[in-house]
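Report on the structure given below.
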Amino acid sequence: MANIMERFEANRGKSPDEAGMYWSGGPVEVASRTWFVSNFSGVTAFETQAGLVLVDSGTERLAPGLAAQLRENTQAPVHTPIFTHGHLDHAYGLKFVSRARSAATTNRGTARDPRPVCAL
């Protein structure tokens with residue numbers, strides 16, 4: 001059985017329907033001023049008047065490429081990052097996507113502070 005990275009490589013260039021969860025690509029405009037990019041982890045950006053609301057930011061290693069893909073469609077600054085959870089494939093790429101001098105971080109939702117970051 002192929003490991004996860006081999007599965008992503010085997011599905012490179014395939015459509016989202018063919019590749020399923022192993023799809024890589026984008027940016028795909030899924031709604032007006034809303035983009036999705038994926039390379040092992042997915043990033044969704046909603047462009048608002050205040051800037052981008054970013055859901056997840058990818059891994060530290062892959063975030064520069066994801067950020068470059070997003071920047072093909074928008075130059076808006078990151079206004080609000082939202083992390084679905086603290087795994088490395090969701091929450092470690094913000095510095096590459098955000099042009100802010102600093103980004104607020106929290107230990108909430110981690111072993112140090114298990115309170116949820118937000119309740120929906």
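As shown in the structure tokens, the chain order sets the letters A, B, ...; within each chain, residues go from 1, and ligands are also counted from 1 in the order they appear.
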Produce a table with one row for each residue of stretch 74-100 of chain A that has an atom at most 12 Å from any atom of stretch 30-38 of chain A, each row naming the nearest atom pair and its distance in Å at one decimal; use only C-alpha atoms; arrange rows by chain and rising residue number; format as a Markdown table.
```
| residue | atom | partner | partner_atom | distance |
| --- | --- | --- | --- | --- |
| A:Thr74 | CA | A:Arg33 | CA | 8.5 |
| A:Gln75 | CA | A:Arg33 | CA | 11.7 |
| A:Ala76 | CA | A:Arg33 | CA | 10.7 |
| A:Asp89 | CA | A:Ser38 | CA | 10.9 |
| A:His90 | CA | A:Ser38 | CA | 11.2 |
```
Considering only C-alpha atoms, return as a PyMOL selection string whatever protein or nucleic-acid residues lie within 12 Å of A:Arg7, sequence-local ones (same chain, fewer than 5 positions apart) excluded. chain A and resi 1-2+12+14+19-24+39-40
Just-selected residues, C-alpha atoms written as a PDB file, in the first residue's frame:
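Result file follows (result08.pdb):
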```pdb
ATOM      1  CA  MET A   1       0.000   0.000   0.000  1.00  0.00           C
ATOM      2  CA  ALA A   2       1.365   3.407  -0.986  1.00  0.00           C
ATOM      3  CA  ARG A  12      -1.011  15.003  -9.324  1.00  0.00           C
ATOM      4  CA  LYS A  14      -5.993  14.629 -11.797  1.00  0.00           C
ATOM      5  CA  ALA A  19      -8.128  12.357  -6.855  1.00  0.00           C
ATOM      6  CA  GLY A  20     -10.540  12.861  -3.962  1.00  0.00           C
ATOM      7  CA  MET A  21      -8.748  13.773  -0.754  1.00  0.00           C
ATOM      8  CA  TYR A  22      -5.384  13.369  -2.535  1.00  0.00           C
ATOM      9  CA  TRP A  23      -6.029  16.301  -4.899  1.00  0.00           C
ATOM     10  CA  SER A  24      -3.426  19.081  -5.137  1.00  0.00           C
ATOM     11  CA  ASN A  39      -1.018  20.569  -1.467  1.00  0.00           C
ATOM     12  CA  PHE A  40      -1.187  17.904   1.253  1.00  0.00           C
TER      13      PHE A  40
END
```
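For the atom pair formed by atom CA of A:Phe83 and atom CA of A:Gly65, the distance is 18.5 Å, given to one decimal.
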Taking only C-alpha atoms into account, name the residue in A:Gln49, A:Ile4, A:Asn11, A:Gly42 that is nearest to A:Leu70.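 Once distances to A:Leu70 are computed over only C-alpha atoms, the minimum belongs to A:Gly42.
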Using only C-alpha atoms, which residue out of A:Thr84, A:Pro77, A:Glu47, A:Leu94 lies closest to A:Glu60?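 Nearest candidate to A:Glu60 out of A:Thr84, A:Pro77, A:Glu47, A:Leu94: A:Leu94.
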Just give me the gap between atom CA of A:Gln69 and atom CA of A:Gly13 in Å, one decimal is fine.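 Rounded to one decimal, the two atoms are 15.4 Å apart.
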In terms of only C-alpha atoms, the residue from A:Leu54, A:His85, A:His79, A:Asn73 at minimal distance from A:Val28 is A:Asn73
Neighbours of A:His87 within 10 Å (only C-alpha atoms; same-chain residues fewer than 5 positions away dropped), as a VMD selection string? chain A and resid 56 58 to 59 92 110
For atom CA of A:Gly93 and atom CA of A:Glu9, determine how far apart the two atoms are, in Å to one decimal place.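 Taking atom CA of A:Gly93 as the start and atom CA of A:Glu9 as the end point, the length is 21.1 Å.
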For the structure I just gave you, how does DSSP split stretch 22-114 of chain A - specifically, which residues are helix (DSSP H, G or I)? Reply as an MDAnalysis selection string. chainID A and resid 22 63:71 88:91 94:97
Residue selection dump (N, CA and C atoms) as a PDB file, in the first residue's frame:
```
ATOM      1  N   TYR A  22      -6.791  13.269  -2.145  1.00  0.00           N
ATOM      2  CA  TYR A  22      -5.384  13.369  -2.535  1.00  0.00           C
ATOM      3  C   TYR A  22      -5.164  14.383  -3.651  1.00  0.00           C
ATOM      4  N   ALA A  63       3.690  25.856   2.814  1.00  0.00           N
ATOM      5  CA  ALA A  63       2.964  27.129   2.828  1.00  0.00           C
ATOM      6  C   ALA A  63       3.460  28.154   1.804  1.00  0.00           C
ATOM      7  N   PRO A  64       4.774  28.269   1.544  1.00  0.00           N
ATOM      8  CA  PRO A  64       5.182  29.262   0.539  1.00  0.00           C
ATOM      9  C   PRO A  64       4.525  29.028  -0.825  1.00  0.00           C
ATOM     10  N   GLY A  65       4.421  27.783  -1.241  1.00  0.00           N
ATOM     11  CA  GLY A  65       3.769  27.473  -2.515  1.00  0.00           C
ATOM     12  C   GLY A  65       2.273  27.740  -2.479  1.00  0.00           C
ATOM     13  N   LEU A  66       1.636  27.381  -1.356  1.00  0.00           N
ATOM     14  CA  LEU A  66       0.207  27.652  -1.201  1.00  0.00           C
ATOM     15  C   LEU A  66      -0.051  29.154  -1.223  1.00  0.00           C
ATOM     16  N   ALA A  67       0.815  29.915  -0.538  1.00  0.00           N
ATOM     17  CA  ALA A  67       0.665  31.373  -0.507  1.00  0.00           C
ATOM     18  C   ALA A  67       0.819  31.955  -1.912  1.00  0.00           C
ATOM     19  N   ALA A  68       1.805  31.467  -2.666  1.00  0.00           N
ATOM     20  CA  ALA A  68       2.008  31.962  -4.033  1.00  0.00           C
ATOM     21  C   ALA A  68       0.779  31.675  -4.890  1.00  0.00           C
ATOM     22  N   GLN A  69       0.179  30.513  -4.698  1.00  0.00           N
ATOM     23  CA  GLN A  69      -1.035  30.193  -5.449  1.00  0.00           C
ATOM     24  C   GLN A  69      -2.167  31.160  -5.095  1.00  0.00           C
ATOM     25  N   LEU A  70      -2.356  31.431  -3.809  1.00  0.00           N
ATOM     26  CA  LEU A  70      -3.411  32.376  -3.402  1.00  0.00           C
ATOM     27  C   LEU A  70      -3.143  33.760  -3.967  1.00  0.00           C
ATOM     28  N   ARG A  71      -1.872  34.167  -3.971  1.00  0.00           N
ATOM     29  CA  ARG A  71      -1.521  35.509  -4.430  1.00  0.00           C
ATOM     30  C   ARG A  71      -1.717  35.683  -5.926  1.00  0.00           C
ATOM     31  N   LEU A  88       0.246  20.129  12.447  1.00  0.00           N
ATOM     32  CA  LEU A  88       1.229  20.831  11.616  1.00  0.00           C
ATOM     33  C   LEU A  88       0.750  21.069  10.198  1.00  0.00           C
ATOM     34  N   ASP A  89      -0.160  20.258   9.683  1.00  0.00           N
ATOM     35  CA  ASP A  89      -0.635  20.466   8.317  1.00  0.00           C
ATOM     36  C   ASP A  89      -1.755  21.494   8.230  1.00  0.00           C
ATOM     37  N   HIS A  90      -2.109  22.102   9.346  1.00  0.00           N
ATOM     38  CA  HIS A  90      -3.171  23.110   9.348  1.00  0.00           C
ATOM     39  C   HIS A  90      -2.701  24.470   9.859  1.00  0.00           C
ATOM     40  N   ALA A  91      -1.765  24.498  10.796  1.00  0.00           N
ATOM     41  CA  ALA A  91      -1.534  25.729  11.547  1.00  0.00           C
ATOM     42  C   ALA A  91      -0.107  26.256  11.555  1.00  0.00           C
ATOM     43  N   LEU A  94       1.339  30.104   8.637  1.00  0.00           N
ATOM     44  CA  LEU A  94       0.823  31.476   8.616  1.00  0.00           C
ATOM     45  C   LEU A  94       1.875  32.506   8.258  1.00  0.00           C
ATOM     46  N   LYS A  95       3.089  32.369   8.739  1.00  0.00           N
ATOM     47  CA  LYS A  95       4.102  33.394   8.470  1.00  0.00           C
ATOM     48  C   LYS A  95       4.400  33.539   6.983  1.00  0.00           C
ATOM     49  N   PHE A  96       4.133  32.506   6.207  1.00  0.00           N
ATOM     50  CA  PHE A  96       4.393  32.584   4.774  1.00  0.00           C
ATOM     51  C   PHE A  96       3.230  33.188   4.003  1.00  0.00           C
ATOM     52  N   VAL A  97       2.043  33.114   4.560  1.00  0.00           N
ATOM     53  CA  VAL A  97       0.857  33.633   3.893  1.00  0.00           C
ATOM     54  C   VAL A  97       0.594  35.067   4.311  1.00  0.00           C
TER      55      VAL A  97
END
```
Go through A:Val78, A:Leu62, A:Ala10, A:Met5 one by one, measure the shortest atom-to-atom distance of each to A:Ala50 using only C-alpha atoms, and give the residue with the smallest value.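 Among the listed residues, the smallest separation from A:Ala50 belongs to A:Val78.
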